Structures are given as C-alpha cells and as structure tokens.
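Content type compact mmCIF, C-alpha atoms, from the file entry-v7.txt:
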```
# COMPACT_ATOMS: atom_id res chain seq x y z
CA MET A 1 14.97 55.91 -17.69
CA THR A 2 14.12 58.47 -20.28
CA ASP A 3 15.81 59.63 -23.43
CA LEU A 4 17.71 62.88 -23.51
CA ALA A 5 16.79 65.37 -26.23
CA LEU A 6 20.25 65.51 -27.78
CA SER A 7 21.33 67.04 -31.05
CA PRO A 8 23.10 64.61 -33.41
CA ALA A 9 26.48 66.11 -32.49
CA ARG A 10 25.86 65.87 -28.73
CA ARG A 11 24.49 62.34 -29.14
CA ARG A 12 27.72 61.32 -30.87
CA LEU A 13 29.76 62.98 -28.11
CA SER A 14 27.74 61.15 -25.45
CA LEU A 15 28.34 57.81 -27.18
CA PHE A 16 32.03 58.58 -27.64
CA ILE A 17 32.60 59.38 -23.95
CA ALA A 18 30.85 56.23 -22.76
CA MET A 19 32.72 54.07 -25.25
CA VAL A 20 36.15 55.49 -24.36
CA CYS A 21 35.53 54.81 -20.66
CA ILE A 22 34.59 51.20 -21.33
CA ALA A 23 37.38 50.64 -23.87
CA SER A 24 40.13 51.94 -21.61
CA VAL A 25 39.13 49.56 -18.85
CA GLY A 26 38.99 46.86 -21.52
CA THR A 27 42.73 47.33 -21.93
CA THR A 28 43.24 46.54 -18.26
CA MET A 29 41.05 43.45 -18.47
CA GLY A 30 42.95 42.29 -21.55
CA LEU A 31 46.09 42.66 -19.45
CA THR A 32 44.72 41.10 -16.26
CA TRP A 33 43.52 37.69 -17.43
CA PRO A 34 46.65 36.48 -19.28
CA LEU A 35 49.07 38.35 -16.96
CA LEU A 36 47.77 36.74 -13.78
CA SER A 37 47.60 33.31 -15.41
CA LEU A 38 51.20 33.60 -16.66
CA ILE A 39 52.45 34.80 -13.26
CA LEU A 40 50.78 31.92 -11.44
CA ASP A 41 51.98 29.40 -14.04
CA SER A 42 55.57 30.69 -13.71
CA ARG A 43 55.33 29.93 -9.98
CA GLY A 44 54.21 26.35 -10.53
CA VAL A 45 50.51 26.80 -9.74
CA SER A 46 48.33 24.06 -11.24
CA SER A 47 46.00 24.71 -14.16
CA GLY A 48 43.01 23.86 -11.99
CA LEU A 49 43.92 26.47 -9.37
CA ILE A 50 44.62 29.03 -12.10
CA GLY A 51 41.12 28.36 -13.39
CA LEU A 52 39.64 28.84 -9.90
CA SER A 53 41.52 32.13 -9.55
CA ALA A 54 40.08 33.34 -12.85
CA ALA A 55 36.60 32.16 -11.85
CA SER A 56 36.73 34.26 -8.67
CA GLN A 57 36.92 37.37 -10.82
CA ALA A 58 33.88 36.29 -12.80
CA LEU A 59 31.77 35.19 -9.83
CA SER A 60 31.41 38.75 -8.55
CA VAL A 61 28.86 39.51 -11.24
CA PHE A 62 26.30 37.50 -9.26
CA ALA A 63 26.71 39.87 -6.32
CA VAL A 64 26.91 43.09 -8.32
CA ALA A 65 24.58 42.65 -11.28
CA PRO A 66 21.26 42.29 -9.37
CA LEU A 67 22.01 45.55 -7.55
CA ALA A 68 23.16 47.45 -10.65
CA PRO A 69 19.83 48.96 -11.84
CA ALA A 70 19.03 50.28 -8.34
CA VAL A 71 22.56 51.64 -7.88
CA ILE A 72 22.44 53.34 -11.28
CA ALA A 73 19.02 54.80 -10.53
CA ARG A 74 20.17 56.04 -7.11
CA PHE A 75 23.46 57.65 -8.13
CA GLY A 76 23.13 58.17 -11.89
CA VAL A 77 25.10 56.70 -14.77
CA LEU A 78 27.88 59.27 -14.58
CA ARG A 79 28.69 58.73 -10.90
CA VAL A 80 28.47 54.97 -11.18
CA VAL A 81 30.88 54.85 -14.12
CA THR A 82 33.32 57.18 -12.34
CA GLY A 83 33.17 55.22 -9.09
CA ALA A 84 33.63 51.90 -10.86
CA ILE A 85 36.73 53.18 -12.65
CA VAL A 86 38.32 54.35 -9.37
CA ALA A 87 37.49 51.03 -7.66
CA THR A 88 39.00 49.10 -10.59
CA ALA A 89 42.27 51.02 -10.30
CA ALA A 90 42.38 50.44 -6.52
CA MET A 91 41.88 46.67 -6.82
CA PHE A 92 44.45 46.44 -9.59
CA ALA A 93 46.99 48.20 -7.35
CA LEU A 94 46.52 45.56 -4.63
CA LEU A 95 47.41 42.60 -6.86
CA PRO A 96 51.22 42.93 -6.92
CA LEU A 97 51.49 43.47 -3.16
CA HIS A 98 51.32 39.73 -2.46
CA ILE A 99 51.37 37.16 -5.24
CA ASP A 100 49.36 34.20 -4.05
CA PRO A 101 46.35 32.58 -5.76
CA TYR A 102 44.34 32.48 -2.53
CA VAL A 103 45.09 36.11 -1.63
CA TRP A 104 44.22 37.13 -5.17
CA MET A 105 40.79 35.50 -5.14
CA PRO A 106 39.00 38.14 -2.99
CA ILE A 107 40.86 40.94 -4.78
CA ARG A 108 39.86 39.54 -8.17
CA PHE A 109 36.30 39.15 -6.90
CA LEU A 110 36.13 42.89 -6.10
CA LEU A 111 37.92 43.76 -9.34
CA GLY A 112 35.38 41.78 -11.33
CA GLY A 113 32.55 43.49 -9.46
CA SER A 114 33.76 46.99 -10.27
CA VAL A 115 34.28 46.16 -13.93
CA GLY A 116 30.89 44.43 -14.11
CA LEU A 117 29.14 47.48 -12.69
CA LEU A 118 31.00 49.72 -15.12
CA PHE A 119 30.05 47.56 -18.09
CA ILE A 120 26.37 47.35 -17.13
CA ALA A 121 26.15 51.12 -16.66
CA GLY A 122 28.13 51.83 -19.81
CA GLN A 123 26.17 49.47 -22.04
CA THR A 124 22.87 50.84 -20.73
CA TRP A 125 24.10 54.38 -21.44
CA ILE A 126 25.14 53.50 -24.99
CA ASN A 127 22.16 51.33 -25.95
CA GLN A 128 19.72 53.93 -24.58
CA THR A 129 21.43 56.77 -26.47
CA ALA A 130 21.77 54.95 -29.81
CA ILE A 131 18.98 55.11 -32.42
CA ASP A 132 17.47 51.96 -33.93
CA GLU A 133 18.67 52.56 -37.48
CA SER A 134 22.34 52.51 -36.49
CA ARG A 135 22.29 50.31 -33.40
CA GLY A 136 24.24 47.54 -35.10
CA LEU A 137 26.99 49.93 -36.14
CA VAL A 138 27.05 51.55 -32.68
CA GLY A 139 27.45 48.09 -31.18
CA GLY A 140 30.21 47.42 -33.69
CA VAL A 141 32.07 50.59 -32.72
CA LEU A 142 31.70 49.80 -29.01
CA GLY A 143 32.93 46.26 -29.60
CA PHE A 144 35.78 47.59 -31.74
CA LEU A 145 36.98 50.00 -29.04
CA TRP A 146 36.58 47.48 -26.21
CA SER A 147 38.36 44.76 -28.17
CA ALA A 148 41.10 47.14 -29.29
CA GLY A 149 41.72 47.93 -25.65
CA PHE A 150 41.56 44.26 -24.77
CA ALA A 151 44.01 43.40 -27.55
CA PHE A 152 46.46 45.99 -26.27
CA GLY A 153 46.60 44.25 -22.89
CA PRO A 154 48.89 41.39 -24.01
CA VAL A 155 51.07 43.95 -25.81
CA ILE A 156 51.79 45.49 -22.39
CA ILE A 157 52.90 42.05 -21.20
CA THR A 158 55.24 41.76 -24.17
CA LEU A 159 56.75 45.17 -23.44
CA ALA A 160 56.74 45.18 -19.63
CA GLY A 161 57.07 41.46 -18.88
CA ILE A 162 55.35 39.68 -16.00
CA GLU A 163 57.79 40.47 -13.18
CA GLY A 164 57.47 43.27 -10.66
CA TRP A 165 55.23 46.33 -10.71
CA ALA A 166 55.76 47.45 -14.32
CA PRO A 167 52.73 45.73 -15.97
CA PHE A 168 50.49 46.65 -13.02
CA LEU A 169 51.49 50.32 -13.10
CA CYS A 170 50.67 50.41 -16.82
CA GLY A 171 47.22 49.02 -16.08
CA ILE A 172 46.56 51.48 -13.26
CA ALA A 173 47.55 54.43 -15.46
CA LEU A 174 45.24 53.31 -18.25
CA VAL A 175 42.29 52.83 -15.91
CA LEU A 176 42.66 56.29 -14.38
CA ALA A 177 43.10 57.86 -17.82
CA SER A 178 39.76 56.37 -18.85
CA ALA A 179 38.02 58.69 -16.38
CA LEU A 180 39.25 61.87 -18.07
CA PRO A 181 36.49 62.04 -20.76
CA LEU A 182 33.90 62.08 -17.97
CA LEU A 183 34.94 65.66 -17.21
CA PHE A 184 33.06 66.64 -20.39
CA ALA A 185 30.00 64.41 -19.86
CA GLY A 186 27.77 66.84 -17.98
CA GLY A 187 24.23 66.71 -19.39
CA LEU A 188 25.11 63.94 -21.85
CA ALA A 189 24.41 60.78 -19.83
CA PRO A 190 20.81 59.48 -19.96
CA PRO A 191 18.84 59.96 -16.72
CA ILE A 192 17.65 56.83 -14.91
CA ALA A 193 14.10 56.39 -13.62
CA THR A 194 13.79 55.35 -9.98
CA ASP A 195 11.06 52.80 -10.63
CA GLY A 196 12.02 49.15 -11.09
CA PRO A 197 11.56 47.07 -14.24
CA ARG A 198 8.00 46.20 -15.11
CA ARG A 199 9.02 42.57 -15.33
CA GLY A 200 11.45 40.61 -13.13
CA TYR A 201 14.88 39.93 -14.57
CA TRP A 202 14.22 36.34 -15.54
CA ARG A 203 10.81 37.20 -16.99
CA LEU A 204 12.65 39.32 -19.54
CA PHE A 205 14.40 36.23 -20.82
CA PRO A 206 11.69 34.91 -23.19
CA VAL A 207 11.48 38.30 -24.91
CA ALA A 208 15.05 38.10 -26.20
CA ALA A 209 16.26 34.59 -25.38
CA LEU A 210 18.46 34.26 -28.46
CA ALA A 211 20.36 37.49 -27.84
CA LEU A 212 20.69 36.90 -24.10
CA LEU A 213 21.95 33.32 -24.49
CA ALA A 214 24.91 34.64 -26.45
CA ALA A 215 26.31 35.93 -23.15
CA PRO A 216 27.12 32.60 -21.41
CA MET A 217 28.53 31.15 -24.63
CA LEU A 218 30.79 34.16 -25.23
CA ALA A 219 31.81 34.20 -21.56
CA THR A 220 32.81 30.54 -21.68
CA THR A 221 34.96 30.89 -24.79
CA ASP A 222 36.38 34.29 -23.84
CA SER A 223 37.42 33.25 -20.34
CA ILE A 224 39.00 30.04 -21.62
CA ASN A 225 41.00 31.86 -24.28
CA ASP A 226 42.01 34.66 -21.93
CA SER A 227 43.25 32.27 -19.26
CA PHE A 228 44.54 29.30 -21.24
CA LEU A 229 45.25 30.05 -24.91
CA SER A 230 48.77 31.34 -24.15
CA LEU A 231 49.47 28.36 -21.89
CA TYR A 232 48.10 25.99 -24.56
CA ALA A 233 50.39 27.53 -27.17
CA MET A 234 53.41 27.18 -24.86
CA ARG A 235 52.60 23.48 -24.43
CA HIS A 236 52.96 23.17 -28.21
CA GLY A 237 56.39 24.77 -28.30
CA PHE A 238 55.55 28.46 -28.66
CA THR A 239 57.85 30.78 -26.75
CA ARG A 240 56.18 32.91 -24.08
CA PRO A 241 56.34 36.11 -26.23
CA ASP A 242 54.89 34.23 -29.22
CA ALA A 243 52.20 32.63 -27.08
CA VAL A 244 51.13 36.05 -25.79
CA LEU A 245 51.28 37.42 -29.34
CA LEU A 246 48.98 34.62 -30.51
CA LEU A 247 46.42 35.73 -27.95
CA THR A 248 46.89 39.30 -29.16
CA THR A 249 46.23 38.10 -32.72
CA LEU A 250 42.91 36.62 -31.61
CA PHE A 251 42.04 39.92 -29.88
CA VAL A 252 42.95 41.88 -33.01
CA GLY A 253 40.65 39.64 -35.03
CA THR A 254 37.87 40.30 -32.53
CA THR A 255 38.49 44.03 -32.86
CA VAL A 256 38.31 43.93 -36.66
CA GLY A 257 35.21 41.72 -36.72
CA HIS A 258 32.90 44.09 -34.84
CA LEU A 259 32.57 46.84 -37.43
CA PRO A 260 31.72 44.90 -40.62
CA VAL A 261 29.33 42.58 -38.80
CA GLY A 262 27.67 45.56 -37.08
CA TRP A 263 27.27 47.29 -40.44
CA LEU A 264 25.81 44.09 -41.90
CA ALA A 265 23.39 43.69 -38.98
CA ASP A 266 21.82 47.06 -39.85
CA ARG A 267 21.04 45.79 -43.37
CA ILE A 268 20.24 42.07 -43.04
CA ASP A 269 17.99 40.24 -40.60
CA ARG A 270 19.99 40.18 -37.39
CA ARG A 271 18.93 36.66 -36.46
CA LYS A 272 20.43 35.30 -39.70
CA VAL A 273 23.65 37.25 -39.22
CA LEU A 274 23.94 35.91 -35.68
CA THR A 275 23.46 32.28 -36.75
CA ALA A 276 26.03 32.62 -39.52
CA THR A 277 28.69 34.11 -37.25
CA VAL A 278 28.13 31.42 -34.60
CA ALA A 279 28.48 28.66 -37.21
CA LEU A 280 31.70 30.21 -38.50
CA SER A 281 33.03 30.53 -34.94
CA LEU A 282 32.43 26.83 -34.31
CA LEU A 283 34.27 25.81 -37.49
CA LEU A 284 37.24 27.98 -36.57
CA ALA A 285 37.37 26.63 -33.00
CA LEU A 286 37.67 23.14 -34.45
CA ALA A 287 40.26 24.37 -36.94
CA MET A 288 42.36 25.78 -34.08
CA ILE A 289 42.63 22.30 -32.53
CA ALA A 290 44.27 21.06 -35.74
CA ALA A 291 46.27 24.24 -36.38
CA MET A 292 47.99 24.65 -33.01
CA PRO A 293 50.33 21.61 -33.28
CA ALA A 294 51.31 22.71 -36.81
CA GLY A 295 52.57 26.08 -35.59
CA TRP A 296 52.12 28.86 -38.17
CA PRO A 297 48.52 27.94 -39.24
CA ALA A 298 47.41 28.89 -35.73
CA TRP A 299 48.00 32.59 -36.47
CA PRO A 300 45.42 33.13 -39.26
CA VAL A 301 42.95 30.79 -37.58
CA ALA A 302 43.21 32.78 -34.33
CA PHE A 303 42.62 36.04 -36.20
CA PHE A 304 39.50 34.87 -38.04
CA TRP A 305 38.15 33.05 -34.99
CA GLY A 306 38.39 36.27 -33.03
CA ALA A 307 36.66 38.19 -35.83
CA ALA A 308 33.73 35.77 -35.89
CA MET A 309 33.33 35.85 -32.12
CA GLY A 310 33.42 39.64 -32.12
CA GLY A 311 30.59 39.63 -34.64
CA VAL A 312 28.45 37.44 -32.37
CA TRP A 313 28.76 39.95 -29.53
CA THR A 314 27.89 42.90 -31.76
CA VAL A 315 24.70 41.38 -33.13
CA ALA A 316 23.55 40.22 -29.69
CA PHE A 317 24.12 43.72 -28.29
CA ALA A 318 21.98 45.25 -31.05
CA MET A 319 19.21 42.68 -30.58
CA VAL A 320 18.93 43.47 -26.85
CA GLY A 321 18.63 47.17 -27.67
CA ASP A 322 15.95 46.39 -30.26
CA ARG A 323 13.72 44.71 -27.72
CA PHE A 324 14.04 46.79 -24.55
CA ARG A 325 13.85 50.45 -23.53
CA GLY A 326 14.18 52.46 -20.36
CA THR A 327 14.42 50.62 -17.06
CA GLU A 328 13.89 47.25 -18.72
CA LEU A 329 16.97 47.87 -20.87
CA ALA A 330 19.06 48.24 -17.70
CA ALA A 331 17.46 45.06 -16.33
CA ALA A 332 18.11 43.15 -19.58
CA THR A 333 21.74 44.30 -19.55
CA THR A 334 21.95 43.10 -15.95
CA LEU A 335 20.49 39.73 -16.93
CA SER A 336 23.01 39.46 -19.76
CA SER A 337 25.79 40.16 -17.26
CA LEU A 338 24.47 37.47 -14.91
CA LEU A 339 24.47 34.96 -17.75
CA TYR A 340 27.95 36.11 -18.74
CA GLY A 341 29.04 35.52 -15.15
CA ILE A 342 27.81 31.93 -15.32
CA GLY A 343 29.95 31.25 -18.38
CA SER A 344 32.97 33.13 -17.01
CA SER A 345 32.79 31.20 -13.75
CA LEU A 346 32.36 27.74 -15.25
CA GLY A 347 34.56 28.12 -18.33
CA PRO A 348 38.01 28.43 -16.71
CA VAL A 349 37.24 25.78 -14.06
CA VAL A 350 36.01 23.20 -16.56
CA ALA A 351 38.77 23.99 -19.06
CA GLY A 352 41.50 23.95 -16.39
CA HIS A 353 40.51 20.51 -15.12
CA ALA A 354 39.96 19.22 -18.66
CA MET A 355 43.46 20.37 -19.56
CA GLU A 356 44.90 18.45 -16.59
CA LEU A 357 42.98 15.29 -17.47
CA TRP A 358 43.13 15.17 -21.27
CA GLY A 359 45.85 17.59 -22.34
CA PRO A 360 45.98 21.10 -23.86
CA ALA A 361 43.49 20.46 -26.69
CA ALA A 362 40.73 19.85 -24.14
CA THR A 363 40.44 23.60 -23.53
CA LEU A 364 39.47 24.20 -27.16
CA VAL A 365 37.10 21.24 -27.09
CA VAL A 366 35.21 22.90 -24.22
CA SER A 367 34.94 26.12 -26.29
CA ALA A 368 33.73 24.15 -29.33
CA LEU A 369 31.06 22.41 -27.25
CA ALA A 370 29.78 25.76 -25.96
CA LEU A 371 29.58 27.09 -29.52
CA ALA A 372 27.85 23.95 -30.79
CA ALA A 373 25.21 24.18 -28.05
CA TYR A 374 24.49 27.82 -28.86
CA LEU A 375 24.36 27.12 -32.59
CA ALA A 376 21.70 24.49 -31.91
CA VAL A 377 19.70 27.13 -30.02
CA CYS A 378 20.06 29.59 -32.92
CA VAL A 379 18.81 27.04 -35.43
CA ALA A 380 15.92 25.88 -33.22
CA LEU A 381 14.70 29.38 -32.40
CA GLY A 382 15.17 30.45 -36.00
CA ARG A 383 12.94 27.65 -37.24
CA ARG A 384 10.31 28.44 -34.63
CA SER A 385 10.33 32.11 -35.60
CA ALA A 386 10.00 31.22 -39.30
CA THR A 387 7.08 28.88 -38.53
CA GLN A 388 5.31 31.56 -36.51
CA SER A 389 5.81 34.11 -39.29
CA THR A 390 4.37 31.70 -41.84
CA ARG A 391 1.32 31.08 -39.69
CA ARG A 392 0.71 34.80 -39.24
CA THR A 393 0.99 35.33 -43.00
CA ILE A 394 -1.53 32.53 -43.73
CA THR A 395 -3.90 33.86 -41.09
```
Could you write out this structure as structure tokens?
Amino acid sequence: MTDLALSPARRRLSLFIAMVCIASVGTTMGLTWPLLSLILDSRGVSSGLIGLSAASQALSVFAVAPLAPAVIARFGVLRVVTGAIVATAAMFALLPLHIDPYVWMPIRFLLGGSVGLLFIAGQTWINQTAIDESRGLVGGVLGFLWSAGFAFGPVIITLAGIEGWAPFLCGIALVLASALPLLFAGGLAPPIATDGPRRGYWRLFPVAALALLAAPMLATTDSINDSFLSLYAMRHGFTRPDAVLLLTTLFVGTTVGHLPVGWLADRIDRRKVLTATVALSLLLALAMIAAMPAGWPAWPVAFFWGAAMGGVWTVAFAMVGDRFRGTELAAATTLSSLLYGIGSSLGPVVAGHAMELWGPAATLVVSALALAAYLAVCVALGRRSATQSTRRTIT
C-alpha cells in the first residue's frame, strides 16, 4: 500500500467519502442488533438463544478477516467497499422472509462478514489517508459519524416498530444510499500493494498490544449493550419505547464522546488518555447497575458511559495508525477485527446465560469485568513503558 499524493482538499474529500460509507452502514447495524433481539424476545425466544443468534453475526469475522488484506489487494479498496455494501443490503433483505433464530444464524453470519470486510477496508482507507498530526481527530470524526449512524438505528425501531417489513426496508434503503458517495471516489482511495505483510498477523500484536486489546473489550461491552440493554431495562419496568430510547441515549453519548477525546489525544500522551477513559468507563458501568432499578438516573449514566466508551475506541484507532503503515496497517486492522470478533462472539453468549442464571444485572457485571481486565492491562503496560523510558534516560 502506498500513499496517494493528494492535495489537502482532495484528502479531506477522500476521508469524507470513506467515513460516510462506514457511517451509513453503522445505522443499519445500530438497527439490526436491538431489532432482532426484540423480535425474538417478543416471540418467547430465550435469552441464551438470543445471545447465540447475536454471536453468529460476530463469528463471521474469523472467516472474513484473515482474507481481507488479500481481497483488498486483489480488487482495490473502492471495489471491496462497494461490494460489501451491496452484500450487506442483500443479507438484510433476507431477514424478514422467515423469522426463526436458527434460520437467521447463517444469514447473520453472512451479514456480519460483509460488514466486517467493509469496516476493515474502510478503516485501512481512512488511517492510511490521515496524517499523524490529526489522526486522533480523524478517528474522532469517524467514530462520531459511525456512532451517530448507530444511534439512529434504535430511532428507526421507535418510528417503524418491530413488526413486518417497515424497519427492514428502512435499513435496506440506508445501506444502498451509503454507496452513493463512491460515485465521486475515483482516484481518491489509496492503492493497495499486492505483497503480504512483512510480519504475520499475530506477530504484529506486541508492537501495539495496548491499542489492539481495546478491540475485544469494546466488542464484549458493545455486543452486550446492543443485544441486552433494552431487555434489561424492560425487566426493570421500562416500556419498550423507553427501553429502546435508553439504548439510543447510550449511542448518543458514544457519538458525542469521540470528538473531544480525539482532539485531546492529539495534544496529550495517547496512552494516558486511553487509561483515563477506560477507568471512567468502568466506574460508569458499575454506576449503571445501581441506576437501572432507580429509573431516571439510568439516563445520564447511559449517556456518559457511552461517551467514555466512544473515547476508548477513538484513541485505540489513532494508536494503531501511529504504529503501522502500508500493508501492515491493513494486517493490523484485520487483527483488530479478529480480536473484536472474539469479544462479539463471547459477550452475548456469556451475558445471555448469566442473565438467565443470576438476573438482569449479570449482563452489566460481565461488561464491568471486561473493562476491569482491560484497565489492569493499561496500568501494567503503562508502568512497563514508564520504566523503560526511565532506563533509556539514565543510559
């Protein structure tokens, strides 16, 4: 992969097109996770089976991600993004034809694969095109647009309901609309080298372990919230519209959190910003356990929890771009997606069974444990980095 010689204006246009494509599909994903969970729940499907259905969508990353760099190199970023958008729309159109958790599993597997390929290609495009001095802000804008799209998904549920074709037709229209900016992308997407990464995927891990480990933690908490937060709220007396709106509030917080944290990450050591946002996320996850039974306190807690989690993603995105270039950037993005797939696959399954065994609060406990584990990693790696810096200074 090589950089394009773009003027500042054309570089901004390139970034804008890639971000719009990803953000529009984000709307559909923000619709898919809660919509399918609510439909299955309304038909009496158990929480454990709902979790397995959600996991099937996440598992596809293990099939798609290892092939992504070669596919992108063979067909180019532009064609891959376009093809992934069309495939996403096609899979989404199949879902309402027969509502059954077992029929949905292979469809959701293919849906997750197309979205995963789109996100790997899109992130590689954006991170390769961005310049170092503004990478945090670029990541913040990308996160803002993706999260804004994601937050709009539950709004569609509120307006269109969960019955019939209406919510699915809205999703299909949004996915296809996301391909329109690609008509103006000629000569703006970065070319991809045909050679493979100089290091294997997992050998890239030690280079940016802290940033890459954010992926499974975020996947665990995101997939749990997407699939179960609305159901958890309903167990505590929230009406279905209010439960969906609570999830929307969390998504809005995530959307808002990207930009200020991205701006901050361009001015303060990114490792410190990352550790602070993870610590805040953990505190707010614990606060949500206490706030949900009380009713109204859950709304501000959901908003600020989403904002903190959005900040974690933004800083991790920038840190990956700091450490890799060219083909290795595509490979690192692939590795991040694989790690995200692990969290997305395990999160709903563990949370669904925990909810059946120990009640609704168990889902948030699983999220808090994931955050606590990652915070321990941040602190440990931060201390090791500080020790190494001190030794180099003394030497």
Sorted by chain and rising residue number, list the residues of range 156-269 of chain A at most 9 Å from range 288-295 of chain A (counting all atoms listed in the file), each with its closest atom pair and distance in Å to one decimal, as a tab-separated table.
```
residue	atom	partner	partner_atom	distance
A:Tyr232	CA	A:Met292	CA	8.6
A:Ala233	CA	A:Met292	CA	6.9
A:His236	CA	A:Pro293	CA	5.9
A:Gly237	CA	A:Gly295	CA	8.3
A:Phe238	CA	A:Gly295	CA	7.9
```
CA of Gly83 in chain A to CA of Gly112 in chain A, distance in Å rounded to a single decimal: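 Distance between the two atoms: 13.8 Å.
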Using all atoms listed in the file: which of A:Arg325, A:Arg108, A:Arg267, A:Arg235 has the shortest distance to Leu204 in chain A: A:Arg325
Å distance separating CA of Leu31 in chain A from CA of Ile162 in chain A, one decimal place: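 According to the coordinates, CA of Leu31 in chain A and CA of Ile162 in chain A are separated by 10.3 Å.
Our summary of the geometry notes that CA of Leu284 in chain A is positioned 5.4 Å from CA of Trp305 in chain A.
Considering the residues A:Leu49, A:Ala276, A:Leu67, A:Ile131 and counting only C-alpha atoms, Trp104 in chain A has its shortest atom-to-atom contact with A:Leu49.
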Counting all atoms listed in the file, the residue of A:Thr249, A:Ser37, A:Thr28, A:Gln57 that sits nearest Gly352 in chain A: A:Ser37
Minimum-distance residue to Val377 in chain A, chosen among A:Leu176, A:Leu213, A:Leu280, A:Ala185 (using only C-alpha atoms): A:Leu213
Distance criterion (all atoms listed in the file): nearest to Ala177 in chain A out of A:Ser42, A:Thr27, A:Thr248, A:Ser337: A:Thr27
Residues near His258 in chain A, cut-off 9 Å, all atoms listed in the file, skip fewer than 6 positions along chain, as a PyMOL selection string: chain A and resi 137+139-144+147+307-315
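The protein and nucleic acid residues lying at most 8 Å from range 329-331 of chain A are Pro69, Ile120, Ala121, Thr124, Gln128, Pro197, Tyr201, Val320, Gly321 and Phe324 of chain A, with all atoms listed in the file considered and sequence neighbours fewer than 5 positions away removed.
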Generate a file of the selected residues that holds C-alpha atoms, formatted as a PDB file, in the frame of the given file.
```
ATOM      1  CA  PRO A  69      19.830  48.960 -11.840  1.00  0.00           C
ATOM      2  CA  ILE A 120      26.370  47.350 -17.130  1.00  0.00           C
ATOM      3  CA  ALA A 121      26.150  51.120 -16.660  1.00  0.00           C
ATOM      4  CA  THR A 124      22.870  50.840 -20.730  1.00  0.00           C
ATOM      5  CA  GLN A 128      19.720  53.930 -24.580  1.00  0.00           C
ATOM      6  CA  PRO A 197      11.560  47.070 -14.240  1.00  0.00           C
ATOM      7  CA  TYR A 201      14.880  39.930 -14.570  1.00  0.00           C
ATOM      8  CA  VAL A 320      18.930  43.470 -26.850  1.00  0.00           C
ATOM      9  CA  GLY A 321      18.630  47.170 -27.670  1.00  0.00           C
ATOM     10  CA  PHE A 324      14.040  46.790 -24.550  1.00  0.00           C
TER      11      PHE A 324
END
```
Residue nearest Leu15 in chain A - candidates A:Thr221, A:Ser46, A:Asn127, A:Ser56, atoms counted: all atoms listed in the file: A:Asn127
Give me, as a Markdown table, the closest atom pair and its distance (Å, one decimal) for every residue of range 37-98 of chain A within a cut-off of 12 Å of range 363-375 of chain A, counting all atoms listed in the file, rows sorted by chain and rising number.
```
| residue | atom | partner | partner_atom | distance |
| --- | --- | --- | --- | --- |
| A:Ser47 | CA | A:Thr363 | CA | 11.0 |
| A:Gly48 | CA | A:Thr363 | CA | 11.8 |
| A:Gly51 | CA | A:Thr363 | CA | 11.2 |
```
Surrounding residues of Val115 in chain A excluding itself and chain neighbours under 3 positions, 10 Å, only C-alpha atoms, as a ChimeraX atom specification: /A:22,25-26,28-29,57-58,60-61,64,81,84-85,87-88,110-112,118-121
Non-local contacts of Arg10 in chain A (10 Å; only C-alpha atoms; under 6 positions in same chain excluded) as a VMD selection string: chain A and resid 16 185 187 to 188
Exercise: Val273 in chain A partners within 8 Å, all atoms listed in the file, chain neighbours under 4 positions left out, as a PyMOL selection string: chain A and resi 261+264-265+268-269+277+315
Could the centre and edge lengths of an axis-aligned box, enclosing all atoms of range 347-357 of chain A in the file with 6 Å extra on each side, be given in Å to one decimal as lines of an AutoDock Vina configuration file?
```
center_x = 39.7
center_y = 21.9
center_z = -16.8
size_x = 22.3
size_y = 25.1
size_z = 17.5
```
Atom completion result for range 174-179 of chain A (all heavy atoms) as a short mmCIF file (atom, residue, chain, number, x, y, z; two decimals), in the frame of the given file:
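So selection-v4.cif came out as:
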```cif
data_model
loop_
_atom_site.label_atom_id
_atom_site.label_comp_id
_atom_site.auth_asym_id
_atom_site.auth_seq_id
_atom_site.Cartn_x
_atom_site.Cartn_y
_atom_site.Cartn_z
N LEU A 174 46.26 53.35 -17.20
CA LEU A 174 45.24 53.31 -18.25
C LEU A 174 43.83 53.41 -17.66
O LEU A 174 42.97 54.08 -18.23
CB LEU A 174 45.39 52.01 -19.05
CG LEU A 174 46.58 51.96 -20.01
CD1 LEU A 174 46.81 50.55 -20.50
CD2 LEU A 174 46.35 52.91 -21.18
N VAL A 175 43.61 52.76 -16.53
CA VAL A 175 42.29 52.83 -15.91
C VAL A 175 41.96 54.26 -15.49
O VAL A 175 40.87 54.78 -15.76
CB VAL A 175 42.22 51.89 -14.68
CG1 VAL A 175 40.93 52.12 -13.91
CG2 VAL A 175 42.28 50.44 -15.13
N LEU A 176 42.90 54.92 -14.83
CA LEU A 176 42.66 56.29 -14.38
C LEU A 176 42.49 57.24 -15.56
O LEU A 176 41.68 58.18 -15.52
CB LEU A 176 43.79 56.75 -13.47
CG LEU A 176 43.89 56.00 -12.13
CD1 LEU A 176 45.09 56.50 -11.34
CD2 LEU A 176 42.61 56.14 -11.33
N ALA A 177 43.24 57.00 -16.64
CA ALA A 177 43.10 57.86 -17.82
C ALA A 177 41.72 57.74 -18.44
O ALA A 177 41.21 58.69 -19.05
CB ALA A 177 44.17 57.49 -18.86
N SER A 178 41.08 56.58 -18.26
CA SER A 178 39.76 56.37 -18.85
C SER A 178 38.69 57.26 -18.22
O SER A 178 37.61 57.43 -18.78
CB SER A 178 39.34 54.90 -18.73
OG SER A 178 39.06 54.56 -17.39
N ALA A 179 38.99 57.81 -17.04
CA ALA A 179 38.02 58.69 -16.38
C ALA A 179 38.06 60.11 -16.91
O ALA A 179 37.13 60.90 -16.66
CB ALA A 179 38.26 58.69 -14.87
#
```
